[in-house]
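Peer 1: Please find one structure pasted underneath; my questions will follow.
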Amino acid sequence: MEFIRGLHNIKAEHRGCVLTIGNFDGVHLGHQAVLAQLIQVAKQRQLPACVMVFEPQPLELFAPDKAPARLSRLREKYLGLARLGIDRLLCVNFNRRFADLAPDYFVEQLLLQQLGVQHLIVGDDFCFGKNRAGNFALLQQEAERFNFGLTPTASLKQQMQRISSTAIRQALAADDLALAEAMLGRPFSLNGKVRHGRQLGRQLGFPTANVWLYRKKLPVHGVYAIEAITDFGRYQGVANIGSRPTVSGKTEQLEAHLFDFKGNLYGSQIEVLLRQKLRNEQSFASVEALQQQIQRDAEAARTYFQSSASEQVEANQ
Ligand SMILES: Cc1cc2nc3c(=O)[nH]c(=O)nc-3n(C[C@H](O)[C@H](O)[C@H](O)COP(=O)(O)O)c2cc1C
Ligand SMILES: Nc1ncnc2c1ncn2[C@@H]1O[C@H](COP(=O)(O)OP(=O)(O)O)[C@@H](O)[C@H]1O
């Protein structure tokens with residue numbers, strides 16, 4: 001997948017594409033339905049399937065306090081979109097100047113002139129440009145006038161609920177990982193680079209990989225049974241996502257202890273799949289009390305994995 005960072009990097013050779021526009025936070029099953037639609041039209045028209053995303057996401061610029069925690073950062077979106085077979089990802093630097101473009105300028109100059117969009121797929125509630133004055137009705141007029149294709153996106157529902165990034169955040173906040181997974185089409189995961197910590201973990205008997213998450217707000221908090229995909233393979237384990245009040249931690253971070261693993265993860269990238277919430281983070285009176293609790297958490301996680309493995313065996317019989 002080709003990656004174009006910023007409008008200034010669009011070149012003449014990029015003219016001509018089928019485009020969809022959105023945040024695609026989580027690249028969930030609803031997004032995947034839209035992306036399948038995009039790829040199908042792109043194949044018919046023999047043009048590249050192109051996705052436009054914004055960085056930061058619009059609400060993060062306009063109302064940073066109200067902006068929800070991201071399900072995925074740009075890198076994760078990139079990986080999810082590439083995996084689905086998207087040809088080109090255009091990441092627009094979302095700033096006030098961009099947000100203030102006149103709606104007809106956005107369509108005529110950017111979409112048609114610069115990108116040569118032949119077909120556009122967006123939600124019928126899509127608003128854009130200065131004061132969010134551009135809408136689907138305007139796009140319909142422009143599509144007729146300039147002769148490009150326009151299709152509203154399909155809205156995917158599951159058990160009567162529309163699949164959305166908001167619904168997934170709510171499921172995660174309610175510790176309903178199964179519901180979040182059903183809407184994402186995969187377990188919710190976080191990934192990042194393993195960094196050095198204070199090396200307390202190994203003193204406690206539980207070395208923990210500190211995963212650098214590159215974000216201020218997280219949609220999940222607490223202790224989880226996890227699976228980690230590492231350079232050394234896949235491991236089960238237990239992890240805490242929190243600020244570690246017992247050892248006077250400040251920022252929230254992800255600390256994962258992998259079962260039956262010995263090795264060095266520093267500097268490598270790992271993906272941590274959340275499988276089951278075990279409990280909320282607590283402040284313990286002593287490091288010994290924390291250590292005993294981590295021991296119980298590890299046992300609870302092992303029990304979870306054993307029972308889910310035997311369920312799997314039963315399901316296969
Ligand atoms: C399964 C697990 C559960 C944890 N639960 C808590 C907790 O409830 N409260 C807390 O303050 N720290 C908790 N921690 C975080 C530990 O404080 C942290 O991993 C330990 O201090 C190691 O820090 P280090 O990476 O700097 O060596 C937990 C860690 C693990 C692995
Ligand atoms: N079973 C394991 N689970 C997680 N990390 C492990 C494990 N065994 C060894 N390690 C290594 O030890 C490091 C964690 O040790 P720890 O004492 O907690 O140090 P730090 O505070 O630097 O994270 C990890 O980053 C990883 O490289």
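Note on naming: chains are A, B, ... as they come in the structure tokens, residues start from 1 per chain, ligands start from 1 in the order shown.
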Sort by chain and increasing residue number a table of all residues of chain A within 7 Å of ligand 1, each with its closest pair of atoms and their distance in Å to one decimal, counting only C-alpha atoms and all ligand atoms, and write it as a Markdown table.
Peer 2:
```
| residue | atom | partner | partner_atom_place_in_ligand_line | distance |
| --- | --- | --- | --- | --- |
| A:Gly197 | CA | ligand 1 | 26 (O) | 4.1 |
| A:Arg198 | CA | ligand 1 | 26 (O) | 3.7 |
| A:Gln199 | CA | ligand 1 | 27 (O) | 3.6 |
| A:Leu200 | CA | ligand 1 | 27 (O) | 3.4 |
| A:Gly201 | CA | ligand 1 | 22 (C) | 3.7 |
| A:Arg202 | CA | ligand 1 | 27 (O) | 6.6 |
| A:Phe206 | CA | ligand 1 | 31 (C) | 6.6 |
| A:Pro207 | CA | ligand 1 | 27 (O) | 6.8 |
| A:Thr208 | CA | ligand 1 | 25 (O) | 5.4 |
| A:Ala209 | CA | ligand 1 | 25 (O) | 6.6 |
| A:Asn210 | CA | ligand 1 | 25 (O) | 5.7 |
| A:Val223 | CA | ligand 1 | 3 (C) | 5.5 |
| A:Val238 | CA | ligand 1 | 1 (C) | 4.9 |
| A:Ala239 | CA | ligand 1 | 1 (C) | 4.6 |
| A:Asn240 | CA | ligand 1 | 2 (C) | 4.6 |
| A:Ser243 | CA | ligand 1 | 11 (O) | 6.8 |
| A:Arg244 | CA | ligand 1 | 11 (O) | 3.3 |
| A:Pro245 | CA | ligand 1 | 11 (O) | 4.0 |
| A:Thr246 | CA | ligand 1 | 11 (O) | 3.6 |
| A:Val247 | CA | ligand 1 | 17 (O) | 5.6 |
| A:Glu255 | CA | ligand 1 | 19 (O) | 5.5 |
| A:Ala256 | CA | ligand 1 | 31 (C) | 5.5 |
| A:His257 | CA | ligand 1 | 31 (C) | 5.3 |
| A:Asn280 | CA | ligand 1 | 8 (O) | 6.8 |
| A:Glu281 | CA | ligand 1 | 8 (O) | 3.7 |
| A:Gln282 | CA | ligand 1 | 8 (O) | 3.9 |
| A:Ser283 | CA | ligand 1 | 9 (N) | 5.0 |
| A:Phe284 | CA | ligand 1 | 9 (N) | 6.4 |
| A:Leu290 | CA | ligand 1 | 7 (C) | 6.4 |
| A:Ile294 | CA | ligand 1 | 1 (C) | 4.8 |
| A:Asp297 | CA | ligand 1 | 1 (C) | 5.5 |
| A:Ala298 | CA | ligand 1 | 1 (C) | 6.3 |
```
Peer 1: Which residues are near Asn135 (chain A)? Cut-off 12 Å, only C-alpha atoms, ignore same chain within fewer than 2 positions. Put them as a ChimeraX atom specification.
Peer 2: /A:102-104,106-107,122-133,137-142,152
Peer 1: Within 12 Å of region 174-195 of chain A, which residues of region 38-72 of chain A show up? Give each one with its shortest atom-to-atom distance in Å (one decimal) and the two atoms involved, counting only C-alpha atoms, rows by chain then rising residue number, as a Markdown table.
Peer 2:
```
| residue | atom | partner | partner_atom | distance |
| --- | --- | --- | --- | --- |
| A:Arg70 | CA | A:Leu190 | CA | 10.7 |
| A:Leu71 | CA | A:Phe188 | CA | 8.3 |
| A:Ser72 | CA | A:Leu190 | CA | 7.8 |
```
Peer 1: Identify, with DSSP run on backbone atoms, the residues in region 48-262 of chain A assigned to alpha helix (DSSP H), and express the list as a compact mmCIF listing (two decimals) with C-alpha atoms, in the first residue's frame.
Peer 2:
```txt
# COMPACT_ATOMS: atom_id res chain seq x y z
CA PRO A 58 -11.06 16.32 13.62
CA LEU A 59 -12.46 16.23 17.17
CA GLU A 60 -8.92 15.99 18.57
CA LEU A 61 -8.22 19.37 16.96
CA PHE A 62 -11.53 21.07 17.73
CA LEU A 74 -2.21 5.90 12.46
CA ARG A 75 0.26 3.01 12.31
CA GLU A 76 -2.45 0.52 13.30
CA LYS A 77 -4.87 1.99 10.76
CA TYR A 78 -2.14 1.68 8.12
CA LEU A 79 -1.59 -2.00 8.94
CA GLY A 80 -5.34 -2.76 8.99
CA LEU A 81 -5.98 -1.01 5.66
CA ALA A 82 -2.96 -2.59 3.98
CA ARG A 83 -4.10 -6.04 5.12
CA LEU A 84 -7.49 -5.49 3.46
CA ARG A 96 -7.70 24.86 10.91
CA ARG A 97 -6.71 25.91 7.42
CA PHE A 98 -7.79 22.58 6.03
CA ALA A 99 -11.00 22.56 8.09
CA PRO A 103 -16.88 22.92 0.50
CA ASP A 104 -16.88 23.46 -3.28
CA TYR A 105 -13.11 24.12 -3.22
CA PHE A 136 -24.16 14.69 0.78
CA ALA A 137 -26.71 16.83 -1.14
CA LEU A 138 -23.88 19.13 -2.25
CA LEU A 139 -21.82 16.12 -3.30
CA GLN A 140 -24.77 14.87 -5.38
CA GLN A 141 -24.93 18.22 -7.21
CA GLU A 142 -21.17 18.19 -7.79
CA ALA A 143 -21.26 14.55 -8.96
CA GLU A 144 -23.86 15.42 -11.59
CA ARG A 145 -22.06 18.55 -12.67
CA PHE A 146 -18.60 17.01 -12.93
CA SER A 165 -16.06 3.12 16.86
CA THR A 166 -18.21 4.65 19.64
CA ALA A 167 -20.06 1.36 20.24
CA ILE A 168 -16.71 -0.45 20.45
CA ARG A 169 -15.36 2.10 22.95
CA GLN A 170 -18.50 1.60 25.05
CA ALA A 171 -18.09 -2.18 24.96
CA LEU A 172 -14.44 -1.85 26.04
CA ALA A 173 -15.39 0.55 28.85
CA LEU A 177 -14.33 -7.70 25.24
CA ALA A 178 -16.42 -10.30 23.41
CA LEU A 179 -18.78 -7.61 22.10
CA ALA A 180 -15.87 -5.36 21.11
CA GLU A 181 -14.27 -8.32 19.32
CA ALA A 182 -17.53 -9.14 17.50
CA MET A 183 -17.67 -5.57 16.14
CA LEU A 184 -13.95 -5.33 15.33
CA LEU A 200 11.10 -3.65 39.40
CA GLY A 201 9.23 -6.36 37.54
CA ARG A 202 11.97 -8.94 37.69
CA GLN A 203 12.55 -8.17 41.38
```
Peer 1: Take CA of Gln40 (chain A) and CA of Leu112 (chain A) and report the distance between them in Å, one decimal.
Peer 2: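 Taking CA of Gln40 (chain A) and CA of Leu112 (chain A), their separation equals 20.6 Å.
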Peer 1: Looking at A:Met1, A:Leu218, A:Val51, A:Leu273, which one is nearest to Gln32 (chain A), with distances taken over only C-alpha atoms?
Peer 2: A:Val51
Peer 1: Identify which of the residues A:Pro68, A:Gly237, A:Gly249, A:Gly242 lies closest to ligand 2, counting only C-alpha atoms and all ligand atoms when measuring atom-to-atom distances.
Peer 2: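 Under the stated criterion, the closest residue is A:Gly237.
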Peer 1: Taking only C-alpha atoms and all ligand atoms into account, name the residue in A:Asp260, A:Ala285, A:Gln292, A:Ser308 that is nearest to ligand 2.
Peer 2: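 Nearest candidate to ligand 2 out of A:Asp260, A:Ala285, A:Gln292, A:Ser308: A:Asp260.
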Peer 1: How many Å lie between CA of His14 (chain A) and CA of Val53 (chain A), rounded to one decimal?
Peer 2: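 The value is 16.3 Å.
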Peer 1: My list of candidates is A:Ala154, A:Leu89, A:Ala289, A:Leu110. Which is closest to His8 (chain A) when distances are computed with only C-alpha atoms?
Peer 2: A:Leu110
Peer 1: Could you find all residues in region 131-176 of chain A that DSSP calls strand (DSSP E) from the backbone, and write them as a list of chain:residue names?
Peer 2: A:Gly149, A:Leu150, A:Thr151, A:Pro152, A:Lys157, A:Gln158, A:Gln161, A:Arg162
Peer 1: Can I get the selected residues back with N, CA and C atoms, as a CSV table (one decimal), in the first residue's frame?
Peer 2:
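Writing the result to again.csv gives the following:
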```csv
chain,number,residue,atom,x,y,z
A,149,GLY,N,-18.8,9.3,-10.0
A,149,GLY,CA,-19.7,8.4,-9.3
A,149,GLY,C,-19.7,8.8,-7.8
A,150,LEU,N,-20.9,8.5,-7.2
A,150,LEU,CA,-21.1,8.8,-5.8
A,150,LEU,C,-22.0,7.7,-5.2
A,151,THR,N,-21.5,7.1,-4.1
A,151,THR,CA,-22.3,6.0,-3.5
A,151,THR,C,-22.3,6.3,-2.0
A,152,PRO,N,-23.4,6.2,-1.3
A,152,PRO,CA,-23.4,6.3,0.2
A,152,PRO,C,-22.9,5.0,0.7
A,157,LYS,N,-25.1,-3.4,10.7
A,157,LYS,CA,-25.6,-3.6,12.1
A,157,LYS,C,-25.4,-5.0,12.6
A,158,GLN,N,-25.3,-5.1,13.9
A,158,GLN,CA,-25.1,-6.4,14.5
A,158,GLN,C,-26.1,-6.5,15.7
A,161,GLN,N,-27.6,-3.2,16.6
A,161,GLN,CA,-26.8,-2.1,16.9
A,161,GLN,C,-25.9,-1.8,15.8
A,162,ARG,N,-25.8,-0.5,15.4
A,162,ARG,CA,-24.9,-0.1,14.3
A,162,ARG,C,-23.5,-0.2,14.8
```
Peer 1: Compare A:Phe24, A:Tyr214, A:Tyr266, A:Tyr304 by their minimum atom-to-atom distance to ligand 2, counting only C-alpha atoms and all ligand atoms, and give me the closest one.
Peer 2: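 When distances to ligand 2 are compared using only C-alpha atoms and all ligand atoms, the smallest one comes from A:Tyr266.
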Peer 1: Could you jot down the CA of Ala42 (chain A) to CA of Gly85 (chain A) separation for me, Å, one decimal place?
Peer 2: 11.2 Å
Peer 1: Looking at only C-alpha atoms and all ligand atoms, which of A:Pro48, A:Gly16, A:Gly22, A:Gly267 is the one that sits closest to ligand 2?
Peer 2: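 Nearest to ligand 2: A:Gly267.
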Peer 1: If we count only C-alpha atoms, what is near Ile39 (chain A) at a cut-off of 8 Å, once residues fewer than 3 positions away on the same chain are taken out, given as a PyMOL selection string?
Peer 2: chain A and resi 35-36+42-43+49+85-86
Peer 1: Take the residues from that selection and put them in a file with N, CA and C atoms, as a compact mmCIF listing (two decimals), in the first residue's frame.
Peer 2:
```
# COMPACT_ATOMS: atom_id res chain seq x y z
N LEU A 35 -14.91 -0.64 2.95
CA LEU A 35 -13.65 -0.83 2.22
C LEU A 35 -13.80 -1.91 1.14
N ALA A 36 -14.65 -2.92 1.44
CA ALA A 36 -14.90 -3.96 0.43
C ALA A 36 -15.65 -3.34 -0.75
N ALA A 42 -13.32 0.01 -7.33
CA ALA A 42 -11.97 0.27 -7.87
C ALA A 42 -11.60 -0.78 -8.92
N LYS A 43 -11.94 -2.04 -8.63
CA LYS A 43 -11.65 -3.14 -9.60
C LYS A 43 -12.42 -2.91 -10.89
N ALA A 49 -7.71 1.87 -5.25
CA ALA A 49 -8.64 2.11 -4.12
C ALA A 49 -7.90 2.97 -3.11
N GLY A 85 -6.17 -4.82 1.54
CA GLY A 85 -5.93 -4.70 0.10
C GLY A 85 -6.17 -3.30 -0.46
N ILE A 86 -6.17 -2.29 0.40
CA ILE A 86 -6.28 -0.91 -0.07
C ILE A 86 -4.97 -0.54 -0.79
```
